[in-house]
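Quick look at input15.cif (mmCIF, C-alpha atoms and all ligand atoms):
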```cif
data_work
loop_
_atom_site.label_atom_id
_atom_site.label_comp_id
_atom_site.auth_asym_id
_atom_site.auth_seq_id
_atom_site.Cartn_x
_atom_site.Cartn_y
_atom_site.Cartn_z
CA MET A 1 -10.37 55.67 -12.78
CA ASP A 2 -9.40 53.52 -9.79
CA PRO A 3 -8.16 50.24 -11.32
CA ARG A 4 -9.80 48.36 -8.44
CA ARG A 5 -13.17 49.23 -9.95
CA LEU A 6 -12.17 47.27 -13.08
CA VAL A 7 -11.78 43.97 -11.21
CA PRO A 8 -14.56 41.70 -12.54
CA ARG A 9 -17.32 40.59 -10.20
CA THR A 10 -17.15 37.11 -8.66
CA ASP A 11 -20.21 35.74 -10.50
CA VAL A 12 -18.83 36.99 -13.81
CA VAL A 13 -15.49 35.22 -13.25
CA LEU A 14 -17.22 32.05 -12.03
CA ALA A 15 -19.09 31.89 -15.33
CA ASP A 16 -15.76 31.20 -17.11
CA ALA A 17 -16.11 27.74 -18.72
CA ARG A 18 -12.98 26.32 -17.05
CA LEU A 19 -14.03 27.49 -13.61
CA ALA A 20 -17.65 26.41 -14.01
CA ALA A 21 -16.48 22.92 -15.03
CA ALA A 22 -14.10 22.77 -12.07
CA ALA A 23 -16.84 23.83 -9.65
CA ALA A 24 -18.80 20.74 -10.68
CA THR A 25 -16.06 18.41 -9.38
CA LEU A 26 -14.27 20.51 -6.78
CA GLY A 27 -17.27 22.24 -5.29
CA HIS A 28 -18.37 25.86 -5.54
CA ALA A 29 -16.68 27.05 -2.35
CA GLN A 30 -13.20 25.89 -3.32
CA VAL A 31 -13.35 27.50 -6.79
CA LYS A 32 -14.85 30.70 -5.38
CA ALA A 33 -11.95 30.96 -2.93
CA LEU A 34 -9.49 30.77 -5.85
CA VAL A 35 -11.44 33.45 -7.71
CA ASN A 36 -11.44 35.72 -4.65
CA ALA A 37 -7.69 35.26 -4.29
CA ALA A 38 -7.18 36.20 -7.96
CA GLN A 39 -9.43 39.29 -7.55
CA GLU A 40 -7.34 40.30 -4.56
CA ARG A 41 -4.17 40.04 -6.62
CA ALA A 42 -5.76 42.24 -9.30
CA ARG A 43 -6.72 44.84 -6.66
CA ARG A 44 -3.10 44.93 -5.50
CA GLY A 45 -2.07 45.47 -9.10
CA GLU A 46 -0.19 42.15 -9.32
CA ILE A 47 -2.21 40.98 -12.32
CA ALA A 48 -4.32 42.78 -14.90
CA PRO A 49 -8.10 42.77 -14.20
CA GLU A 50 -8.75 40.90 -17.46
CA HIS A 51 -6.49 38.05 -16.22
CA VAL A 52 -8.46 37.23 -13.07
CA ALA A 53 -10.18 34.18 -14.61
CA ASP A 54 -6.87 32.93 -16.06
CA ALA A 55 -5.14 33.29 -12.70
CA ALA A 56 -7.93 31.43 -10.90
CA ALA A 57 -7.91 28.68 -13.56
CA ALA A 58 -4.12 28.34 -13.26
CA ALA A 59 -4.49 27.84 -9.52
CA LEU A 60 -7.00 24.98 -9.91
CA PRO A 61 -5.75 21.75 -8.30
CA ALA A 62 -4.89 18.85 -10.64
CA GLY A 63 -7.64 16.67 -9.14
CA PRO A 64 -10.53 16.64 -6.70
CA THR A 65 -8.22 15.92 -3.75
CA SER A 66 -4.66 16.82 -2.82
CA LEU A 67 -3.56 13.24 -3.59
CA ARG A 68 -1.72 13.13 -6.92
CA THR A 69 -1.73 9.95 -8.97
CA VAL A 70 1.83 9.11 -10.00
CA LEU A 71 3.62 6.75 -12.39
CA ASN A 72 5.78 4.30 -10.44
CA ALA A 73 8.98 3.77 -12.46
CA THR A 74 11.04 3.04 -9.33
CA GLY A 75 11.17 -0.73 -9.89
CA VAL A 76 9.84 -1.16 -6.33
CA VAL A 77 6.61 -3.09 -6.81
CA LEU A 78 5.09 -2.37 -3.39
CA HIS A 79 6.24 1.13 -2.47
CA THR A 80 4.76 2.19 0.87
CA ASN A 81 5.27 5.90 0.12
CA LEU A 82 3.37 5.42 -3.16
CA GLY A 83 0.42 3.66 -1.53
CA ARG A 84 1.63 0.06 -1.95
CA ALA A 85 -0.61 -2.12 -4.15
CA PRO A 86 -2.50 -0.40 -6.98
CA LEU A 87 -6.01 -1.83 -7.21
CA SER A 88 -7.24 -3.86 -10.19
CA ASP A 89 -9.91 -2.31 -12.42
CA ALA A 90 -12.36 -4.82 -10.91
CA ALA A 91 -11.51 -3.62 -7.39
CA VAL A 92 -11.81 0.03 -8.43
CA ASP A 93 -15.24 -0.66 -9.97
CA ALA A 94 -16.33 -2.51 -6.83
CA LEU A 95 -15.17 0.37 -4.66
CA ALA A 96 -17.07 2.92 -6.72
CA ALA A 97 -20.19 0.75 -6.73
CA ALA A 98 -20.07 0.39 -2.95
CA ALA A 99 -19.76 4.13 -2.42
CA GLY A 100 -23.52 4.65 -2.25
CA HIS A 101 -25.98 2.81 -0.04
CA THR A 102 -25.23 -0.92 0.07
CA ASP A 103 -26.48 -4.00 1.92
CA VAL A 104 -23.15 -4.29 3.76
CA GLU A 105 -24.86 -5.23 7.02
CA LEU A 106 -28.39 -6.12 5.96
CA ASP A 107 -30.01 -9.27 4.59
CA LEU A 108 -32.32 -8.03 1.85
CA SER A 109 -34.43 -11.21 1.88
CA THR A 110 -35.34 -11.02 5.59
CA GLY A 111 -34.88 -7.31 6.13
CA ARG A 112 -32.74 -8.09 9.18
CA ARG A 113 -29.21 -7.18 10.18
CA ALA A 114 -26.65 -9.56 8.65
CA ARG A 115 -22.98 -10.33 9.21
CA ARG A 116 -21.05 -7.28 8.01
CA GLY A 117 -18.99 -7.93 4.88
CA ARG A 118 -20.08 -11.58 4.66
CA GLY A 119 -19.32 -11.80 0.92
CA THR A 120 -15.76 -10.64 1.55
CA LEU A 121 -15.33 -13.13 4.39
CA ASP A 122 -16.67 -15.95 2.19
CA ALA A 123 -14.16 -15.02 -0.52
CA LEU A 124 -11.34 -15.02 2.04
CA ARG A 125 -12.40 -18.41 3.42
CA ALA A 126 -12.52 -19.80 -0.12
CA ALA A 127 -9.02 -18.45 -0.79
CA VAL A 128 -7.63 -19.98 2.42
CA PRO A 129 -9.59 -23.20 3.10
CA ASP A 130 -7.24 -24.05 5.98
CA ALA A 131 -8.69 -21.13 7.95
CA THR A 132 -11.99 -22.04 9.61
CA GLY A 133 -12.34 -18.48 10.89
CA VAL A 134 -11.56 -15.20 9.10
CA HIS A 135 -11.84 -11.55 10.07
CA VAL A 136 -10.75 -8.27 8.46
CA VAL A 137 -9.50 -5.16 10.27
CA ASN A 138 -7.92 -1.87 9.24
CA ASN A 139 -4.35 -3.04 8.56
CA GLY A 140 -1.74 -5.62 9.47
CA ALA A 141 -0.71 -3.72 12.58
CA ALA A 142 -4.33 -3.61 13.76
CA ALA A 143 -4.63 -7.38 13.25
CA LEU A 144 -1.63 -7.93 15.50
CA VAL A 145 -2.88 -5.46 18.13
CA LEU A 146 -6.26 -7.20 18.25
CA ALA A 147 -4.64 -10.62 18.64
CA ALA A 148 -2.29 -9.36 21.37
CA THR A 149 -5.11 -7.60 23.23
CA VAL A 150 -7.45 -10.57 23.24
CA LEU A 151 -4.92 -13.35 23.81
CA ALA A 152 -2.20 -11.73 25.88
CA ALA A 153 -3.17 -8.47 27.62
CA GLY A 154 -1.62 -8.69 31.11
CA ARG A 155 0.19 -11.85 30.04
CA GLU A 156 3.23 -12.78 27.97
CA ILE A 157 3.98 -13.01 24.27
CA ILE A 158 6.99 -15.20 23.59
CA VAL A 159 8.97 -13.95 20.61
CA SER A 160 12.46 -14.46 19.19
CA ARG A 161 14.98 -11.60 19.51
CA GLY A 162 15.67 -12.11 15.80
CA GLU A 163 12.11 -11.08 14.93
CA LEU A 164 11.65 -7.80 16.80
CA VAL A 165 11.37 -5.71 13.66
CA GLU A 166 10.76 -2.07 12.90
CA ILE A 167 8.16 -1.96 10.12
CA GLY A 168 8.85 1.58 8.93
CA ASP A 169 8.37 5.25 9.78
CA GLY A 170 9.73 4.56 13.26
CA PHE A 171 7.06 2.00 14.18
CA ARG A 172 8.41 -1.03 16.00
CA LEU A 173 6.57 -4.27 16.52
CA PRO A 174 7.67 -4.67 20.18
CA ASP A 175 6.24 -1.22 21.05
CA LEU A 176 3.04 -2.00 19.18
CA LEU A 177 2.59 -5.28 21.08
CA GLU A 178 3.39 -3.76 24.48
CA SER A 179 0.90 -0.96 23.84
CA THR A 180 -1.81 -3.59 24.35
CA GLY A 181 -0.72 -4.33 27.92
CA ALA A 182 0.98 -7.58 26.94
CA ARG A 183 4.54 -8.26 28.12
CA LEU A 184 7.17 -9.46 25.67
CA ARG A 185 9.16 -12.49 26.70
CA GLU A 186 12.16 -12.37 24.38
CA VAL A 187 13.98 -15.60 23.61
CA GLY A 188 17.08 -16.58 21.65
CA THR A 189 19.51 -14.13 20.10
CA THR A 190 19.53 -11.86 17.06
CA ASN A 191 20.85 -14.60 14.81
CA ARG A 192 19.79 -17.84 16.48
CA SER A 193 16.76 -19.16 18.32
CA ALA A 194 16.07 -22.79 19.22
CA LEU A 195 12.93 -24.67 20.22
CA ALA A 196 14.43 -25.16 23.70
CA ASP A 197 14.57 -21.35 24.13
CA TYR A 198 10.85 -21.12 23.54
CA ALA A 199 10.07 -24.21 25.64
CA ALA A 200 11.93 -22.74 28.62
CA ALA A 201 9.86 -19.56 28.42
CA VAL A 202 6.42 -21.22 28.23
CA GLY A 203 4.54 -20.98 31.50
CA PRO A 204 1.21 -20.16 33.12
CA ASP A 205 1.50 -16.53 31.98
CA THR A 206 1.99 -17.34 28.31
CA GLY A 207 -0.64 -15.77 26.07
CA PHE A 208 0.85 -17.03 22.84
CA VAL A 209 4.04 -17.65 20.92
CA LEU A 210 4.52 -15.12 18.15
CA LYS A 211 6.43 -15.77 14.96
CA VAL A 212 7.09 -12.64 12.90
CA HIS A 213 8.31 -12.66 9.32
CA PRO A 214 11.39 -10.37 9.34
CA SER A 215 10.01 -8.95 6.15
CA ASN A 216 12.40 -6.11 5.37
CA PHE A 217 15.80 -7.60 6.17
CA VAL A 218 17.71 -10.87 5.94
CA VAL A 219 20.28 -12.28 8.37
CA HIS A 220 23.00 -14.32 6.71
CA GLY A 221 25.62 -16.60 8.19
CA PHE A 222 25.37 -18.46 11.50
CA THR A 223 21.60 -18.38 11.85
CA SER A 224 18.71 -20.57 12.89
CA SER A 225 15.05 -20.08 13.61
CA VAL A 226 12.30 -22.43 14.65
CA PRO A 227 9.68 -23.55 12.11
CA VAL A 228 6.00 -23.06 12.92
CA ALA A 229 5.43 -26.83 13.03
CA ASP A 230 7.88 -27.18 15.92
CA LEU A 231 6.44 -24.20 17.81
CA ALA A 232 2.97 -25.70 17.43
CA GLY A 233 4.04 -28.61 19.61
CA LEU A 234 4.64 -26.37 22.64
CA GLY A 235 1.01 -26.60 23.78
CA VAL A 236 0.26 -22.86 23.55
CA PRO A 237 -1.32 -20.95 20.64
CA VAL A 238 1.08 -19.91 17.88
CA VAL A 239 0.33 -16.64 16.08
CA VAL A 240 2.22 -16.05 12.82
CA ASP A 241 2.57 -12.54 11.44
CA ILE A 242 3.41 -13.34 7.81
CA GLY A 243 3.28 -9.62 6.94
CA SER A 244 2.88 -9.58 3.21
CA GLY A 245 -0.46 -11.33 2.71
CA LEU A 246 0.67 -14.19 0.48
CA LEU A 247 -2.26 -16.58 0.92
CA ALA A 248 -0.70 -19.68 -0.67
CA PRO A 249 2.87 -20.56 -1.68
CA ASP A 250 4.15 -19.03 -4.92
CA PRO A 251 7.19 -20.34 -6.82
CA LEU A 252 8.28 -16.78 -7.68
CA LEU A 253 8.84 -16.05 -3.98
CA PRO A 254 10.10 -19.34 -2.53
CA ASP A 255 11.24 -17.85 0.80
CA GLU A 256 8.11 -15.83 1.49
CA PRO A 257 5.87 -17.35 4.19
CA ASP A 258 2.22 -17.85 3.25
CA ALA A 259 -1.00 -18.23 5.21
CA ALA A 260 -1.99 -21.73 4.06
CA THR A 261 1.39 -23.28 4.89
CA SER A 262 1.53 -21.59 8.31
CA LEU A 263 -1.96 -22.83 9.21
CA ARG A 264 -1.22 -26.35 8.02
CA ALA A 265 1.92 -26.32 10.14
CA GLY A 266 -0.26 -25.72 13.17
CA ALA A 267 -0.55 -21.94 13.61
CA ALA A 268 -3.70 -21.00 15.54
CA LEU A 269 -3.80 -17.63 13.84
CA VAL A 270 -2.14 -15.86 10.91
CA THR A 271 -2.08 -12.06 10.56
CA ALA A 272 -1.30 -10.30 7.26
CA SER A 273 -1.70 -7.11 5.23
CA GLY A 274 -4.19 -6.64 2.40
CA ASP A 275 -2.15 -4.15 0.39
CA LYS A 276 1.13 -6.00 0.08
CA LEU A 277 1.41 -9.26 -1.90
CA LEU A 278 -2.34 -9.81 -1.87
CA GLY A 279 -2.51 -6.77 -4.16
CA GLY A 280 -5.65 -5.33 -2.57
CA PRO A 281 -6.69 -2.37 -0.41
CA GLN A 282 -5.12 -1.56 2.95
CA ALA A 283 -6.53 -4.13 5.36
CA GLY A 284 -5.46 -6.52 8.10
CA LEU A 285 -6.35 -10.18 7.68
CA LEU A 286 -6.89 -12.53 10.62
CA LEU A 287 -7.05 -16.16 9.52
CA GLY A 288 -7.25 -19.21 11.73
CA ASP A 289 -9.16 -21.26 14.22
CA ALA A 290 -12.89 -20.42 14.10
CA ASP A 291 -13.42 -20.14 17.89
CA LEU A 292 -10.37 -17.99 18.34
CA VAL A 293 -11.28 -15.66 15.46
CA GLU A 294 -14.79 -15.35 16.89
CA ARG A 295 -13.30 -14.21 20.24
CA LEU A 296 -11.30 -11.56 18.38
CA ARG A 297 -14.35 -10.43 16.44
CA ARG A 298 -16.46 -10.05 19.61
CA HIS A 299 -13.87 -8.00 21.53
CA PRO A 300 -14.80 -4.29 21.95
CA LEU A 301 -11.53 -3.24 20.30
CA ALA A 302 -12.64 -5.00 17.10
CA ARG A 303 -15.26 -2.28 16.63
CA ALA A 304 -12.55 0.39 16.66
CA LEU A 305 -10.55 -1.47 14.02
CA ARG A 306 -13.53 -2.14 11.74
CA VAL A 307 -13.10 -1.66 7.99
CA ASP A 308 -15.49 0.36 5.88
CA LYS A 309 -17.64 -0.85 2.99
CA LEU A 310 -15.13 0.50 0.43
CA THR A 311 -12.37 -1.72 1.80
CA LEU A 312 -14.69 -4.72 1.98
CA ALA A 313 -15.74 -4.19 -1.63
CA ALA A 314 -12.20 -3.73 -2.98
CA LEU A 315 -10.91 -6.69 -0.99
CA GLU A 316 -13.65 -9.02 -2.21
CA ALA A 317 -13.11 -7.98 -5.82
CA THR A 318 -9.36 -8.53 -5.42
CA LEU A 319 -9.90 -12.01 -3.97
CA ARG A 320 -12.44 -13.09 -6.58
CA GLY A 321 -11.24 -11.10 -9.56
CA PRO A 322 -8.47 -11.11 -12.18
CA THR A 323 -4.74 -11.05 -11.38
CA PRO A 324 -4.10 -7.77 -9.54
CA PRO A 325 -1.58 -5.27 -10.98
CA THR A 326 0.92 -6.19 -8.25
CA TRP A 327 1.22 -9.73 -9.63
CA VAL A 328 1.20 -8.55 -13.24
CA ALA A 329 4.23 -6.41 -12.30
CA LEU A 330 5.92 -9.19 -10.30
CA ARG A 331 5.57 -11.65 -13.17
CA ALA A 332 6.45 -9.19 -15.97
CA ASP A 333 8.62 -10.92 -18.58
CA PRO A 334 12.11 -9.28 -18.64
CA ALA A 335 12.38 -9.75 -22.43
CA ARG A 336 9.17 -7.81 -22.96
CA LEU A 337 10.25 -5.15 -20.48
CA ARG A 338 13.45 -4.74 -22.47
CA VAL A 339 11.50 -4.19 -25.70
CA ARG A 340 9.35 -1.50 -23.99
CA VAL A 341 12.40 0.22 -22.52
CA GLU A 342 14.18 0.17 -25.91
CA ARG A 343 11.13 1.72 -27.53
CA LEU A 344 11.09 4.42 -24.84
CA ARG A 345 14.80 5.07 -25.45
CA GLU A 346 14.23 5.42 -29.21
CA SER A 347 11.43 7.92 -28.69
CA LEU A 348 13.81 10.19 -26.77
CA GLY A 349 15.90 11.07 -29.83
CA ASP A 350 19.35 12.45 -29.04
CA LEU A 351 18.75 12.79 -25.30
CA ASP A 352 21.47 11.38 -23.01
CA ALA A 353 19.63 8.09 -22.36
CA ASP A 354 20.74 4.44 -22.27
CA VAL A 355 19.01 1.12 -21.87
CA VAL A 356 20.37 -0.72 -18.81
CA ALA A 357 19.76 -4.07 -17.15
CA THR A 358 18.67 -3.56 -13.55
CA ALA A 359 17.06 -5.31 -10.60
CA ALA A 360 13.55 -4.58 -9.36
CA VAL A 361 12.46 -5.51 -5.84
CA VAL A 362 9.19 -6.56 -4.20
CA GLY A 363 9.33 -3.85 -1.53
CA GLY A 364 6.69 -3.08 1.09
CA GLY A 365 8.11 -5.64 3.49
CA GLY A 366 8.08 -8.61 1.16
CA ALA A 367 10.71 -11.02 -0.10
CA PRO A 368 13.73 -9.08 1.21
CA GLY A 369 16.89 -9.85 -0.74
CA LEU A 370 15.01 -11.09 -3.82
CA GLU A 371 15.97 -9.35 -7.07
CA LEU A 372 13.75 -9.43 -10.14
CA GLU A 373 15.58 -9.17 -13.47
CA SER A 374 14.43 -5.90 -15.00
CA TRP A 375 15.24 -3.18 -17.54
CA ALA A 376 15.36 0.59 -17.26
CA VAL A 377 16.19 3.67 -19.25
CA SER A 378 19.06 5.55 -17.61
CA LEU A 379 18.88 9.38 -17.69
CA PRO A 380 20.79 12.31 -16.22
CA GLU A 381 20.02 12.63 -12.49
CA ARG A 382 18.98 16.27 -12.90
CA LEU A 383 15.75 15.07 -14.59
CA ALA A 384 14.55 13.48 -11.33
CA LEU A 385 13.07 16.68 -9.90
CA PRO A 386 11.20 17.91 -13.01
CA LEU A 387 9.84 14.39 -13.60
CA ARG A 388 8.69 14.10 -9.99
CA THR A 389 6.95 17.46 -10.05
CA GLY A 390 5.53 17.21 -13.58
CA GLN A 391 2.03 16.19 -14.59
CA PRO A 392 1.72 13.25 -14.24
CA PRO A 393 4.56 12.89 -11.74
CA VAL A 394 6.98 10.13 -12.83
CA LEU A 395 9.08 8.55 -10.09
CA GLY A 396 12.32 6.78 -10.87
CA ARG A 397 15.25 5.74 -8.72
CA VAL A 398 18.67 7.35 -8.54
CA GLU A 399 21.65 5.01 -8.73
CA ARG A 400 25.28 6.08 -9.10
CA GLY A 401 24.40 9.54 -10.38
CA ARG A 402 21.86 8.37 -12.96
CA LEU A 403 18.07 8.38 -12.88
CA LEU A 404 16.69 4.93 -13.74
CA LEU A 405 13.14 4.55 -15.04
CA ASP A 406 12.12 0.88 -14.72
CA LEU A 407 8.88 0.18 -16.60
CA ARG A 408 7.95 -2.95 -14.61
CA CYS A 409 5.23 -1.19 -12.58
CA VAL A 410 4.08 1.13 -15.38
CA PRO A 411 1.04 -0.18 -17.29
CA PRO A 412 2.26 -0.66 -20.93
CA GLU A 413 -0.51 1.61 -22.25
CA ARG A 414 1.09 4.47 -20.29
CA ASP A 415 4.63 4.10 -21.70
CA SER A 416 3.99 7.01 -24.08
CA GLU A 417 3.12 9.23 -21.10
CA VAL A 418 6.50 8.42 -19.58
CA ALA A 419 8.18 9.32 -22.89
CA SER A 420 6.35 12.66 -23.13
CA ALA A 421 7.14 13.44 -19.49
CA VAL A 422 10.86 12.80 -20.06
CA ARG A 423 10.90 15.02 -23.17
CA ARG A 424 9.11 17.82 -21.29
CA ALA A 425 11.47 17.49 -18.32
CA ALA A 426 14.51 17.60 -20.64
CA VAL A 427 13.23 20.69 -22.49
CA GLY A 428 12.53 22.50 -19.21
CA GLN A 429 16.09 21.75 -18.13
CA ALA A 430 17.81 22.71 -21.36
C1 LIG B 1 3.91 -4.71 6.90
C2 LIG B 1 4.01 -5.54 8.11
C3 LIG B 1 3.20 -5.26 9.23
C4 LIG B 1 2.25 -4.10 9.27
O1 LIG B 1 1.22 -4.24 8.34
P1 LIG B 1 0.40 -2.92 7.89
O2 LIG B 1 -0.65 -3.47 7.00
O3 LIG B 1 1.38 -2.03 7.22
O4 LIG B 1 -0.14 -2.33 9.13
C5 LIG B 1 3.32 -6.09 10.33
N1 LIG B 1 4.17 -7.14 10.32
C6 LIG B 1 4.94 -7.43 9.26
C7 LIG B 1 5.85 -8.62 9.34
C8 LIG B 1 4.90 -6.65 8.13
O5 LIG B 1 5.67 -6.93 7.07
#
```
Would you kindly transcribe this structure into structure tokens?
Ligand SMILES: *Cc1c(COP(=O)(O)O)cnc(C)c1O
Amino acid sequence: MDPRRLVPRTDVVLADARLAAAAATLGHAQVKALVNAAQERARRGEIAPEHVADAAAAALPAGPTSLRTVLNATGVVLHTNLGRAPLSDAAVDALAAAAGHTDVELDLSTGRRARRGRGTLDALRAAVPDATGVHVVNNGAAALVLAATVLAAGREIIVSRGELVEIGDGFRLPDLLESTGARLREVGTTNRSALADYAAAVGPDTGFVLKVHPSNFVVHGFTSSVPVADLAGLGVPVVVDIGSGLLAPDPLLPDEPDAATSLRAGAALVTASGDKLLGGPQAGLLLGDADLVERLRRHPLARALRVDKLTLAALEATLRGPTPPTWVALRADPARLRVRVERLRESLGDLDADVVATAAVVGGGGAPGLELESWAVSLPERLALPLRTGQPPVLGRVERGRLLLDLRCVPPERDSEVASAVRRAAVGQA
């Protein structure tokens, strides 16, 4: 008999318990496509007809989307390639709750349209009382683009040559600003800028003076820059891009600029990211003078940069809720990290693994140059690939031919998953 006639029918294969369960989360069409592909392989004689369901089940994706959740053992707290800040449980709950219909733009008591995301804006105002106006857009770059468009399109933005940064993936702040139709008026030099440089550039065409936090590099040596308080005396608006989203000063990061201090020093507007040191979802924060923020909010471009209800929900829960995972990781006690790493080492038996002192970093354009005392288990470099491609993927960092797994950003309850992943990776490599 023609073996093709033995290939089971689609509905029969779809009745397999694994595939039926997957169809409930992945959708019927996606699972059916995998079944059809497995049937096709059976018709070509590549697999036995009785293995069609197994082949389709083996091809099922690990989750409902192509995004894989990973364990961050890199020791980089805010890793842009790993999605920066992980959300708190409270923020995740808020996000899920907001996924259905919500009153995001409706006042339930009057039945009329209400200010979109007002609860989030209230929480932001409460967190930064020095800002009389607050607005939220899609990300930090969008916040800067909106400010440049409204305050300086066709005019000049005065900025120090020491602050013309590339933020990553080839995106450069000067290009971003000029894309709005504003002209950059560069002052000072790479290492030094003085108040007189700015003062000489101020004129009738000035839209604003911009101060950018050079968030991913540090210049050492013969350097000087001008504090916000001095710039504020120039008689033109000062916009400060603090980058990381630190709302108030924190002793752990003494050199990191924060929103409250910048506003108190006289900044008209502060722009920042929601998913860096704030520890929330991707968002751009605009904090400052109420009239100015209202002008930004009313500009047509603001509509194109609007955030969705999921972002508003996660941001509000981050602002009001418990310490986000980012700050739990930043403040992790090195002595406790060492105990966890030693326990991980012990669970690996006779594997080539050592406990080493290491330095974690903030990452994500925050606190460049700052090293956080940390501990890692050091493994053969060849385990990097199997760990990265395992389930769950575990990401470490390679240093001098060794793979370091720093547990700072791994929730302690998941240490045993790291241990199992390392053992599996080592067995696969043996
Ligand atoms: C990260 C950063 C940005 C861009 O913010 P996104 O939220 O990534 O768009 C802009 N300026 C500075 C100084 C930054 O550090």
How close does chain A get to ligand LIG 1 (chain B)? List, as a tab-separated table, each residue of chain A within 6 Å, its nearest atom pair and the distance in Å to one decimal, counting all atoms listed in the file.
```
residue	atom	partner	partner_atom	distance
A:Asn139	CA	B:LIG1	O2	4.0
A:Gly140	CA	B:LIG1	O2	3.5
A:Ala141	CA	B:LIG1	O4	3.8
A:Ile167	CA	B:LIG1	C2	5.8
A:Val212	CA	B:LIG1	C7	5.5
A:His213	CA	B:LIG1	C7	4.7
A:Pro214	CA	B:LIG1	C7	5.8
A:Ser215	CA	B:LIG1	O5	4.9
A:Asp241	CA	B:LIG1	C7	5.5
A:Ile242	CA	B:LIG1	C7	5.5
A:Gly243	CA	B:LIG1	C8	3.6
A:Ser244	CA	B:LIG1	O5	5.5
A:Ser273	CA	B:LIG1	O2	4.2
A:Gly284	CA	B:LIG1	O2	5.8
A:Gly365	CA	B:LIG1	O5	4.5
```
Restricting it to C-alpha atoms, dump the selection as a compact mmCIF listing (two decimals), in the frame of the given file.
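So the final result, stored in result-v2.txt, reads:
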```
# COMPACT_ATOMS: atom_id res chain seq x y z
CA ASN A 139 -4.35 -3.04 8.56
CA GLY A 140 -1.74 -5.62 9.47
CA ALA A 141 -0.71 -3.72 12.58
CA ILE A 167 8.16 -1.96 10.12
CA VAL A 212 7.09 -12.64 12.90
CA HIS A 213 8.31 -12.66 9.32
CA PRO A 214 11.39 -10.37 9.34
CA SER A 215 10.01 -8.95 6.15
CA ASP A 241 2.57 -12.54 11.44
CA ILE A 242 3.41 -13.34 7.81
CA GLY A 243 3.28 -9.62 6.94
CA SER A 244 2.88 -9.58 3.21
CA SER A 273 -1.70 -7.11 5.23
CA GLY A 284 -5.46 -6.52 8.10
CA GLY A 365 8.11 -5.64 3.49
```
Pairwise distance for atom CA of Val410 of chain A and atom CA of Leu247 of chain A, rounded to one decimal in Å: 24.9 Å
From A:Leu263, A:Val236, A:Ala194, A:Ala357, residue lying nearest Thr223 of chain A [only C-alpha atoms]: A:Ala194
Nearest candidate to Leu296 of chain A (options A:Ala48, A:Leu14, A:Gly100, A:Ala143; using all atoms listed in the file): A:Ala143
Counting all atoms listed in the file, the option among A:Arg303, A:Lys276, A:Arg192, A:Arg320 closest to Thr80 of chain A: A:Lys276
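Proximity of A:Ala353, A:Ala426, A:Leu234, A:Leu344 to Arg382 of chain A, computed with only C-alpha atoms, is greatest for A:Ala426.
Shortest separation to Arg340 of chain A among A:Tyr198, A:Phe217, A:Trp375, A:Trp327 occurs at residue A:Trp375, atoms counted being all atoms listed in the file.
Atom to atom, atom CA of Leu292 of chain A and atom CA of Asn216 of chain A stand 28.8 Å apart.
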Nearby residues (only C-alpha atoms) at most 12 Å from segment 17-26 of chain A, same-chain spacing under 4 positions excluded, as a PyMOL selection string: chain A and resi 10-13+30-35+52-66
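With distances taken over all atoms listed in the file, A:Glu316 is the one residue among A:Leu404, A:Glu316, A:Val238, A:Arg388 lying closest to Arg125 of chain A.
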Protein and nucleic acid residues near (-8.1, -16.6, -2.2) (cut-off 10 Å, only C-alpha atoms) as JSON, numbers by chain: {"A": [122, 123, 124, 125, 126, 127, 128, 129, 246, 247, 248, 278, 316, 318, 319, 320, 321]}
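As for atom CA of Ala85 of chain A and atom CA of Cys409 of chain A, they are spaced 10.3 Å apart.
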12 Å contact set for Arg118 of chain A, only C-alpha atoms, chain neighbours under 2 positions out, as a list in words: Asp103, Val104, Glu105, Leu106, Asp107, Arg113, Ala114, Arg115, Arg116, Thr120, Leu121, Asp122, Ala123, Leu124, Arg125, Val134, His135, Val136, Lys309, Leu312, Ala313, Leu315 and Glu316 of chain A
Neighbour list for Ala182 of chain A as a PyMOL selection string, cut-off 9 Å, only C-alpha atoms, skip fewer than 3 positions in-chain: chain A and resi 148-149+151-157+177-179+207
Surrounding residues of Pro386 of chain A excluding itself and chain neighbours under 6 positions, 10 Å, only C-alpha atoms, as an NGL selection string: :A and (393-394 or 421-422 or 424-426 or 428-429)
Shell around Ile158 of chain A at 12 Å using only C-alpha atoms, local window under 3 positions removed, as a ChimeraX atom specification: /A:148,152,155,161,163-164,174,177,182-188,193,195,197-203,205-212,231,234,236-240
